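For reference, my_file25.cif (mmCIF, C-alpha atoms):
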data_upload
loop_
_atom_site.label_atom_id
_atom_site.label_comp_id
_atom_site.auth_asym_id
_atom_site.auth_seq_id
_atom_site.Cartn_x
_atom_site.Cartn_y
_atom_site.Cartn_z
CA MET U 1 0.00 0.00 0.00
CA PRO U 2 1.56 3.36 -1.01
CA VAL U 3 2.41 5.83 1.73
CA LEU U 4 0.38 9.05 1.49
CA VAL U 5 2.44 12.26 1.54
CA GLU U 6 1.00 15.21 3.43
CA ALA U 7 2.05 18.85 3.59
CA VAL U 8 2.52 20.73 6.86
CA VAL U 9 1.68 24.42 6.94
CA ASP U 10 4.34 26.85 8.14
CA VAL U 11 3.37 27.80 11.70
CA ARG U 12 4.45 31.40 11.05
CA ASN U 13 1.53 31.90 8.65
CA ASP U 14 -1.55 33.83 9.77
CA PRO U 15 -4.96 32.24 9.05
CA GLU U 16 -5.12 33.71 5.54
CA GLY U 17 -1.58 32.49 4.89
CA VAL U 18 -2.67 29.01 5.99
CA GLU U 19 -5.53 29.20 3.50
CA ALA U 20 -3.13 30.06 0.67
CA ALA U 21 -0.74 27.29 1.73
CA ALA U 22 -3.56 24.74 1.65
CA VAL U 23 -4.47 25.84 -1.88
CA ARG U 24 -0.84 25.42 -2.96
CA ALA U 25 -0.65 21.98 -1.35
CA GLU U 26 -3.72 20.88 -3.29
CA GLN U 27 -2.28 22.22 -6.54
CA GLU U 28 1.03 20.48 -5.87
CA GLY U 29 -0.60 17.08 -5.47
CA TYR U 30 -0.32 16.46 -1.75
CA SER U 31 -2.89 14.05 -0.34
CA GLY U 32 -3.51 16.15 2.75
CA VAL U 33 -2.42 19.18 4.70
CA GLY U 34 -1.79 19.40 8.44
CA ILE U 35 -2.47 22.69 10.21
CA PRO U 36 -0.78 23.20 13.61
CA GLU U 37 -2.22 25.19 16.49
CA THR U 38 0.33 27.68 17.74
CA GLN U 39 -0.17 31.44 17.32
CA HIS U 40 -3.71 31.17 15.90
CA ASP U 41 -6.85 29.13 16.51
CA VAL U 42 -6.60 26.06 14.32
CA PHE U 43 -10.32 25.89 13.50
CA VAL U 44 -10.41 29.42 12.06
CA ALA U 45 -7.61 28.47 9.67
CA LEU U 46 -9.26 25.14 8.86
CA GLY U 47 -12.52 26.88 8.01
CA LEU U 48 -10.74 29.18 5.56
CA ALA U 49 -8.79 26.30 4.03
CA ALA U 50 -11.94 24.20 3.71
CA ARG U 51 -13.72 26.92 1.72
CA ALA U 52 -10.72 27.48 -0.56
CA THR U 53 -9.98 23.85 -1.49
CA GLU U 54 -11.93 21.02 -3.09
CA ARG U 55 -10.07 17.71 -2.83
CA ILE U 56 -7.29 17.75 -0.27
CA THR U 57 -7.76 16.28 3.21
CA LEU U 58 -7.54 18.87 6.00
CA GLN U 59 -6.21 17.89 9.41
CA SER U 60 -5.75 19.68 12.71
CA ALA U 61 -2.17 18.83 13.60
CA ILE U 62 -2.89 19.17 16.41
CA ALA U 63 -5.83 20.79 18.17
CA VAL U 64 -5.15 20.94 21.91
CA ALA U 65 -7.88 18.78 23.42
CA PHE U 66 -7.45 19.73 27.06
CA ALA U 67 -7.71 23.43 26.21
CA ARG U 68 -11.32 22.63 25.31
CA THR U 69 -14.16 20.44 26.53
CA PRO U 70 -15.56 17.45 24.63
CA MET U 71 -18.59 19.60 23.69
CA THR U 72 -16.64 22.56 22.31
CA LEU U 73 -14.34 20.27 20.32
CA ALA U 74 -17.24 18.14 19.06
CA MET U 75 -19.00 21.28 17.81
CA ALA U 76 -15.92 22.71 16.08
CA ALA U 77 -15.04 19.40 14.44
CA ASN U 78 -18.63 18.95 13.27
CA ASP U 79 -18.63 22.39 11.64
CA ILE U 80 -15.32 21.87 9.81
CA THR U 81 -16.61 18.52 8.58
CA LEU U 82 -19.65 20.30 7.14
CA ILE U 83 -17.66 23.12 5.56
CA SER U 84 -15.10 20.73 4.02
CA LYS U 85 -17.79 18.28 2.87
CA GLY U 86 -16.24 15.41 4.77
CA ARG U 87 -12.55 16.13 4.08
CA PHE U 88 -11.62 16.88 7.69
CA GLU U 89 -9.61 14.73 10.11
CA LEU U 90 -9.51 15.69 13.77
CA GLY U 91 -5.97 15.44 15.05
CA ILE U 92 -5.78 16.05 18.79
CA GLY U 93 -3.19 15.99 21.53
CA SER U 94 -2.88 16.61 25.23
CA GLN U 95 -0.10 19.24 25.24
CA VAL U 96 1.83 19.33 28.53
CA LYS U 97 0.85 20.33 32.05
CA PRO U 98 2.37 23.87 32.17
CA HIS U 99 0.56 24.92 28.99
CA ILE U 100 -2.79 23.44 30.02
CA GLU U 101 -2.72 24.91 33.51
CA ARG U 102 -0.81 28.16 33.02
CA ARG U 103 -1.60 29.12 29.40
CA PHE U 104 -5.15 27.81 29.02
CA GLY U 105 -6.24 27.81 32.67
CA MET U 106 -7.70 24.33 32.38
CA PRO U 107 -7.40 21.26 34.65
CA TRP U 108 -4.65 18.69 34.21
CA SER U 109 -4.48 15.23 35.72
CA ARG U 110 -3.81 11.66 34.56
CA PRO U 111 -3.56 12.67 30.87
CA ALA U 112 -3.98 9.20 29.33
CA ALA U 113 -7.10 8.38 31.36
CA ARG U 114 -8.47 11.88 30.79
CA MET U 115 -7.88 11.62 27.04
CA GLU U 116 -9.63 8.26 26.77
CA GLU U 117 -12.68 9.66 28.53
CA PHE U 118 -12.50 12.86 26.47
CA VAL U 119 -12.66 10.96 23.16
CA GLY U 120 -15.47 8.74 24.43
CA ALA U 121 -17.47 11.78 25.56
CA MET U 122 -16.91 13.53 22.24
CA ARG U 123 -18.14 10.48 20.33
CA ALA U 124 -21.21 10.30 22.59
CA ILE U 125 -21.95 13.94 21.78
CA TRP U 126 -21.69 13.24 18.04
CA ASP U 127 -24.05 10.31 18.50
CA ALA U 128 -26.53 12.58 20.25
CA PHE U 129 -26.27 15.10 17.40
CA ALA U 130 -27.08 12.33 14.92
CA SER U 131 -29.81 10.51 16.84
CA GLY U 132 -31.51 13.27 18.77
CA GLU U 133 -31.49 11.04 21.81
CA ARG U 134 -30.78 12.29 25.32
CA LEU U 135 -27.14 13.12 26.01
CA ASP U 136 -25.93 11.40 29.15
CA VAL U 137 -22.17 11.49 29.72
CA ARG U 138 -21.13 11.08 33.35
CA GLY U 139 -17.45 10.39 33.79
CA GLU U 140 -14.61 10.99 36.18
CA PHE U 141 -13.39 14.06 34.29
CA TYR U 142 -16.28 15.19 32.09
CA SER U 143 -20.04 15.42 32.45
CA HIS U 144 -22.40 16.37 29.61
CA THR U 145 -26.10 15.85 30.28
CA LEU U 146 -27.84 18.72 28.50
CA LEU U 147 -28.39 19.09 24.75
CA THR U 148 -31.72 20.66 23.81
CA GLU U 149 -32.86 20.68 20.19
CA ILE U 150 -32.04 24.33 19.54
CA PHE U 151 -28.37 23.73 20.42
CA SER U 152 -27.87 20.51 18.44
CA PRO U 153 -26.69 20.77 14.82
CA GLY U 154 -28.43 17.50 14.03
CA PRO U 155 -27.07 14.69 11.86
CA ASN U 156 -23.99 15.50 9.78
CA PRO U 157 -24.49 14.28 6.19
CA TYR U 158 -20.76 13.51 5.99
CA GLY U 159 -20.63 11.57 9.24
CA ASN U 160 -18.08 12.11 11.97
CA PRO U 161 -14.44 12.93 11.21
CA PRO U 162 -11.73 10.37 11.87
CA VAL U 163 -9.95 11.05 15.16
CA LEU U 164 -6.16 10.82 15.28
CA LEU U 165 -4.26 11.14 18.56
CA ALA U 166 -0.73 12.47 19.07
CA ALA U 167 1.09 10.04 21.34
CA VAL U 168 4.65 9.24 22.45
CA GLY U 169 4.48 7.34 25.75
CA THR U 170 3.03 3.86 25.92
CA ARG U 171 -0.05 4.83 27.94
CA MET U 172 -1.15 7.42 25.40
CA ILE U 173 -0.27 5.05 22.53
CA GLU U 174 -2.60 2.48 24.12
CA VAL U 175 -5.37 5.08 24.24
CA ALA U 176 -4.82 5.85 20.57
CA GLY U 177 -5.17 2.17 19.75
CA ARG U 178 -8.28 1.67 21.85
CA VAL U 179 -10.44 4.67 21.02
CA THR U 180 -9.16 6.52 17.93
CA ASP U 181 -8.71 5.96 14.21
CA GLY U 182 -5.02 6.67 14.04
CA ILE U 183 -1.87 7.88 15.75
CA MET U 184 0.13 11.01 15.02
CA CYS U 185 3.73 10.22 15.83
CA HIS U 186 6.15 12.90 16.99
CA PRO U 187 9.04 14.09 14.78
CA LEU U 188 11.40 12.76 17.46
CA THR U 189 10.57 9.19 16.48
CA SER U 190 13.21 6.74 15.29
CA LYS U 191 12.71 3.61 13.24
CA ARG U 192 13.56 1.56 16.36
CA TYR U 193 10.99 3.35 18.53
CA MET U 194 8.37 2.98 15.83
CA SER U 195 8.97 -0.73 15.27
CA ASP U 196 9.79 -1.79 18.85
CA VAL U 197 7.43 0.39 20.90
CA ILE U 198 4.71 2.21 18.95
CA LEU U 199 3.47 -0.51 16.62
CA PRO U 200 3.58 -3.42 19.14
CA THR U 201 1.73 -1.27 21.71
CA LEU U 202 -0.91 -0.36 19.14
CA ARG U 203 -1.37 -3.99 18.10
CA ASP U 204 -1.81 -5.08 21.71
CA ALA U 205 -4.37 -2.32 22.29
CA ARG U 206 -6.28 -3.25 19.14
CA GLY U 207 -6.19 -7.01 19.50
CA GLY U 208 -3.43 -7.41 16.94
CA ASP U 209 -5.21 -5.71 14.03
CA LEU U 210 -3.95 -2.44 12.51
CA ASP U 211 -5.95 -2.70 9.28
CA GLY U 212 -7.44 0.69 8.47
CA PHE U 213 -5.57 2.35 11.34
CA THR U 214 -3.57 5.44 10.36
CA VAL U 215 0.07 5.79 11.42
CA SER U 216 1.19 9.31 10.55
CA MET U 217 4.88 10.24 10.74
CA PRO U 218 6.25 13.80 10.38
CA ALA U 219 9.88 13.02 9.57
CA PHE U 220 12.85 15.36 9.89
CA VAL U 221 14.40 16.00 6.46
CA VAL U 222 17.66 17.92 5.88
CA LEU U 223 17.57 19.59 2.46
CA GLY U 224 19.70 22.27 0.83
CA ALA U 225 20.58 23.35 -2.71
CA ASP U 226 24.25 23.96 -1.86
CA GLU U 227 26.73 23.36 0.94
CA GLN U 228 25.79 26.51 2.86
CA ALA U 229 22.07 25.78 2.65
CA ARG U 230 22.62 22.20 3.81
CA ALA U 231 24.70 23.46 6.74
CA ARG U 232 21.87 25.80 7.78
CA ALA U 233 19.36 22.97 7.43
CA LEU U 234 21.51 20.68 9.55
CA ALA U 235 21.98 23.36 12.22
CA GLY U 236 18.22 23.98 12.40
CA THR U 237 17.53 20.27 12.67
CA ARG U 238 20.12 19.80 15.45
CA ARG U 239 18.55 22.67 17.36
CA GLN U 240 15.04 21.27 17.04
CA ILE U 241 16.11 17.75 18.04
CA ALA U 242 17.87 19.22 21.09
CA PHE U 243 14.75 21.14 22.10
CA TYR U 244 12.50 18.10 21.82
CA ALA U 245 15.01 15.82 23.53
CA SER U 246 15.15 18.18 26.51
CA THR U 247 11.42 17.74 27.14
CA PRO U 248 10.44 15.04 29.68
CA ALA U 249 7.49 13.91 27.56
CA TYR U 250 9.88 12.65 24.87
CA ARG U 251 12.35 10.97 27.20
CA PRO U 252 11.06 7.44 26.38
CA VAL U 253 12.35 7.78 22.83
CA LEU U 254 15.86 8.58 24.08
CA GLU U 255 15.69 5.76 26.62
CA ALA U 256 15.01 3.31 23.78
CA HIS U 257 18.47 4.23 22.45
CA GLY U 258 20.26 4.35 25.81
CA TRP U 259 20.49 8.15 25.77
CA GLU U 260 18.93 8.87 29.16
CA ASP U 261 21.93 10.94 30.26
CA LEU U 262 21.56 13.15 27.18
CA HIS U 263 18.03 14.05 28.20
CA VAL U 264 19.15 14.98 31.70
CA ARG U 265 21.90 17.25 30.35
CA LEU U 266 19.63 18.86 27.76
CA ASN U 267 16.86 19.41 30.28
CA GLY U 268 19.24 21.19 32.62
CA LEU U 269 20.57 23.40 29.83
CA SER U 270 17.04 24.24 28.67
CA ARG U 271 16.27 25.72 32.08
CA ARG U 272 19.09 28.19 31.38
CA GLN U 273 17.91 28.65 27.78
CA ALA U 274 21.33 27.58 26.58
CA TRP U 275 20.03 26.67 23.12
CA ASP U 276 23.36 26.82 21.29
CA GLU U 277 25.06 24.60 23.86
CA MET U 278 22.16 22.16 23.64
CA ALA U 279 22.46 21.89 19.85
CA GLY U 280 26.16 21.13 20.26
CA LEU U 281 25.27 17.94 22.14
CA ILE U 282 23.38 16.53 19.14
CA ASP U 283 26.08 14.59 17.33
CA ASP U 284 25.90 13.01 13.87
CA GLU U 285 24.68 9.67 15.22
CA ILE U 286 21.70 11.32 16.87
CA VAL U 287 20.90 13.38 13.77
CA ASP U 288 21.07 10.28 11.59
CA THR U 289 18.74 8.45 13.98
CA PHE U 290 15.97 11.02 13.65
CA ALA U 291 16.55 12.68 10.26
CA VAL U 292 17.30 11.87 6.64
CA GLY U 293 18.98 14.13 4.12
CA GLY U 294 20.71 14.54 0.80
CA THR U 295 19.12 15.23 -2.55
CA PRO U 296 15.34 14.94 -2.81
CA GLU U 297 15.76 11.46 -4.29
CA GLN U 298 18.16 10.41 -1.52
CA ALA U 299 15.90 11.83 1.19
CA ALA U 300 12.88 10.04 -0.28
CA ALA U 301 14.83 6.78 -0.44
CA GLY U 302 15.92 7.26 3.19
CA LEU U 303 12.34 7.80 4.31
CA ARG U 304 11.15 4.72 2.44
CA GLU U 305 13.91 2.63 4.01
CA ARG U 306 13.17 3.98 7.47
CA PHE U 307 9.39 4.04 7.60
CA GLY U 308 8.21 1.94 4.66
CA GLY U 309 5.88 -0.75 5.96
CA LEU U 310 5.64 1.06 9.31
CA ALA U 311 3.92 4.40 8.64
CA THR U 312 0.90 4.82 6.40
CA ARG U 313 1.45 8.56 5.98
CA LEU U 314 4.50 10.79 5.86
CA SER U 315 5.03 14.52 6.06
CA LEU U 316 8.32 16.39 5.77
CA ASN U 317 9.44 18.28 8.87
CA THR U 318 11.92 21.04 8.04
CA PRO U 319 12.70 23.17 11.14
CA TYR U 320 14.63 25.75 9.09
CA GLU U 321 14.01 28.01 6.09
CA ALA U 322 13.61 25.23 3.54
CA ASP U 323 13.63 25.66 -0.22
CA PRO U 324 10.01 24.90 -1.19
CA GLU U 325 11.11 23.43 -4.52
CA LEU U 326 13.33 20.89 -2.76
CA VAL U 327 10.55 19.97 -0.34
CA LEU U 328 8.13 19.50 -3.24
CA ALA U 329 10.68 17.45 -5.19
CA THR U 330 11.16 15.17 -2.18
CA ALA U 331 7.42 14.73 -1.82
CA LYS U 332 7.11 13.92 -5.54
CA ALA U 333 9.91 11.37 -5.29
CA LEU U 334 8.08 9.72 -2.39
CA ARG U 335 4.80 9.61 -4.28
CA GLU U 336 6.34 8.27 -7.47
CA ASN U 337 8.31 5.51 -5.80
CA GLY U 338 6.27 4.89 -2.65
#

Please re-express this file's structure in structure tokens.
Amino acid sequence: MPVLVEAVVDVRNDPEGVEAAAVRAEQEGYSGVGIPETQHDVFVALGLAARATERITLQSAIAVAFARTPMTLAMAANDITLISKGRFELGIGSQVKPHIERRFGMPWSRPAARMEEFVGAMRAIWDAFASGERLDVRGEFYSHTLLTEIFSPGPNPYGNPPVLLAAVGTRMIEVAGRVTDGIMCHPLTSKRYMSDVILPTLRDARGGDLDGFTVSMPAFVVLGADEQARARALAGTRRQIAFYASTPAYRPVLEAHGWEDLHVRLNGLSRRQAWDEMAGLIDDEIVDTFAVGGTPEQAAAGLRERFGGLATRLSLNTPYEADPELVLATAKALRENG
């Protein structure tokens, strides 16, 4: 089965810039486009992109679930599904405790258990929209027991969107396998972590069957038209790997490679915002574990070797000012030989 190649919108774009990027992605032949939630509300950008495109799949990559309630997210996802005529995929994630509590002012506890209940409650709300039956969600974290006719959008002619969950640790991976339609892996994912941890955990959670289950991988790619451009791309990738590797949520990936001490050192440096010193700790072995590079053809071949037969979707993660023609050429090489 060929791997689908998706575009990722530059997070520096404003909502109208996201709309234009989605149009370009459709014109360039991408199968889908992922829209992150950083400086702007992801659903505003998705609404604009949905109106401006016709064929491409649109995905929130990710919408922060715990910044919302199951009802608010169910309503937003239902609307984007309507506007896009069924081309929307709801990608969600938990974010981390400081952001949920200090940025969004929302409760945080037991994220895996909370997420499983969140998805179940959201699906129950969609069912109530479709059936008109009484809404009765009473859980440990969420309670939704009121949905009068005037506030229900009714049945969605396009059905409910697929739900994909961002997950790194085994508990959240298990939740993805049990209650969602796919997993959104993190860029700091190696072939070993994918094959030895993510996929076996998913199979166990799903009774051994991954048929129809989406495994989406945003892979680091180092691209440059000349030596100077490649050096800048490599420096940007080292810096991004260092930042992710300093975060406790991604420690399990490093532990799978015996790099626990690296996380401890990077975490300590991050508290001093010593970003340059952190990047200097990311040697060539670490870069090669998490990134591929070279010409577009070489990068595509590296991605196929690394994630072929493991991921069902790929996107190209370029944490630097990448040449859009090289990114597009890499995506084309993946599509033509995938």

For this file, the PyMOL selection byres ((chain U and resi 309-323) around 8) selects which residues, as a ChimeraX atom specification? /U:2-8,187,194-195,199,214-225,232-233,236-237,240,307-308,324-327,331

Which residues would end up in the selection if the PyMOL selection byres ((chain U and resi 257) around 12) were applied here, given that I need the answer as a PyMOL selection string? chain U and resi 189-193+196-197+251-256+258-263+285-286+289-290

Within 10 Å of Glu54 (chain U) using all atoms listed in the file, minus same-chain residues under 4 positions, as a ChimeraX atom specification: /U:23,26,49-50,84-85,87

Written as a ChimeraX atom specification, what is the full residue list that the PyMOL selection byres ((chain U and resi 166) around 9) yields on the file shown? /U:61-62,91-94,164-165,167-168,172-173,176,182-186

CA of Arg230 (chain U) and CA of Phe243 (chain U) are how many Å apart?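 One can read the CA of Arg230 (chain U) to CA of Phe243 (chain U) distance as 19.9 Å.
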
When you count all atoms listed in the file, which of these residues is closest to Thr180 (chain U): U:Met122, U:Ile241, U:Leu135, U:Ala130? U:Met122

Spatial neighbours of Glu101 (chain U), max dist 10 Å, all atoms listed in the file, sep filter under 5 positions, as a PyMOL selection string: chain U and resi 66-67+96+106-108

Report the distance between CA of Leu202 (chain U) and CA of Gly177 (chain U) in Å, rounded to one decimal place. 5.0 Å

Near Val137 (chain U), within 8 Å and counting all atoms listed in the file, which residues show up once chain neighbours fewer than 3 positions away are dropped, as a list in words?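 My reading of the contact set: Ala121, Ala124, Tyr142, Ser143, His144 and Thr145 of chain U.
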
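Proximity of U:Ala22, U:Val287, U:Glu227, U:Arg103 to Gln59 (chain U), computed with only C-alpha atoms, is greatest for U:Ala22.
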
Taking only C-alpha atoms into account, which of U:Leu147, U:Ile80, U:Val18, U:Leu48 comes nearest Gly34 (chain U)? U:Val18

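In this structure, CA of Trp126 (chain U) sits 19.4 Å away from CA of Leu58 (chain U).
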
List the spatial neighbours of Glu37 (chain U) as a list in words - criterion: any atom at most 9 Å away, only C-alpha atoms, same-chain residues fewer than 2 positions off excluded. Val11, Ile35, Gln39, His40, Asp41, Val42, Phe43, Ser60, Ala61, Ile62, Ala63 and Val64 of chain U

Identify, on the basis of all atoms listed in the file, every residue whose closest approach to Ala76 (chain U) does not exceed 12 Å; exclude the query and any residue fewer than 2 positions from it along the same chain; express the result as a ChimeraX atom specification. /U:41-47,60,63,65,68-74,78-83,88-90,122,126,153,160-161

Using all atoms listed in the file, the residue out of U:Arg51, U:Arg271, U:Arg265, U:Arg178 with shortest distance to Val119 (chain U) is U:Arg178

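Nearest residue to Pro296 (chain U), choosing from U:Ala279, U:Ala333, U:Leu146, U:Val264 and counting only C-alpha atoms: U:Ala333.
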
Mind rebuilding region 29-47 of chain U with N, CA and C atoms and writing that out as a compact mmCIF listing (two decimals), in the coordinates of the input?
# COMPACT_ATOMS: atom_id res chain seq x y z
N GLY U 29 -0.33 18.51 -5.47
CA GLY U 29 -0.60 17.08 -5.47
C GLY U 29 -0.47 16.37 -4.15
N TYR U 30 -0.36 17.12 -3.05
CA TYR U 30 -0.32 16.46 -1.75
C TYR U 30 -1.67 15.81 -1.45
N SER U 31 -1.64 14.73 -0.68
CA SER U 31 -2.89 14.05 -0.34
C SER U 31 -3.63 14.75 0.78
N GLY U 32 -2.90 15.47 1.62
CA GLY U 32 -3.51 16.15 2.75
C GLY U 32 -2.63 17.28 3.23
N VAL U 33 -3.18 18.10 4.11
CA VAL U 33 -2.42 19.18 4.70
C VAL U 33 -2.71 19.22 6.20
N GLY U 34 -1.66 19.31 7.00
CA GLY U 34 -1.79 19.40 8.44
C GLY U 34 -1.60 20.83 8.90
N ILE U 35 -2.51 21.31 9.74
CA ILE U 35 -2.47 22.69 10.21
C ILE U 35 -2.23 22.69 11.72
N PRO U 36 -1.07 23.18 12.16
CA PRO U 36 -0.78 23.20 13.61
C PRO U 36 -1.57 24.28 14.33
N GLU U 37 -1.61 24.16 15.64
CA GLU U 37 -2.22 25.19 16.49
C GLU U 37 -1.13 25.80 17.35
N THR U 38 -0.70 26.99 16.97
CA THR U 38 0.33 27.68 17.74
C THR U 38 -0.11 29.11 18.03
N GLN U 39 0.17 30.03 17.09
CA GLN U 39 -0.17 31.44 17.32
C GLN U 39 -1.62 31.77 17.01
N HIS U 40 -2.34 30.88 16.32
CA HIS U 40 -3.71 31.17 15.90
C HIS U 40 -4.61 29.96 16.18
N ASP U 41 -5.91 30.21 16.29
CA ASP U 41 -6.85 29.13 16.51
C ASP U 41 -6.91 28.25 15.26
N VAL U 42 -6.72 26.97 15.45
CA VAL U 42 -6.60 26.06 14.32
C VAL U 42 -7.91 25.95 13.54
N PHE U 43 -9.05 26.09 14.20
CA PHE U 43 -10.32 25.89 13.50
C PHE U 43 -10.68 27.09 12.62
N VAL U 44 -10.23 28.28 12.95
CA VAL U 44 -10.41 29.42 12.06
C VAL U 44 -9.67 29.17 10.75
N ALA U 45 -8.40 28.75 10.87
CA ALA U 45 -7.61 28.47 9.67
C ALA U 45 -8.19 27.31 8.88
N LEU U 46 -8.66 26.28 9.55
CA LEU U 46 -9.26 25.14 8.86
C LEU U 46 -10.52 25.54 8.11
N GLY U 47 -11.32 26.43 8.70
CA GLY U 47 -12.52 26.88 8.01
C GLY U 47 -12.19 27.62 6.72
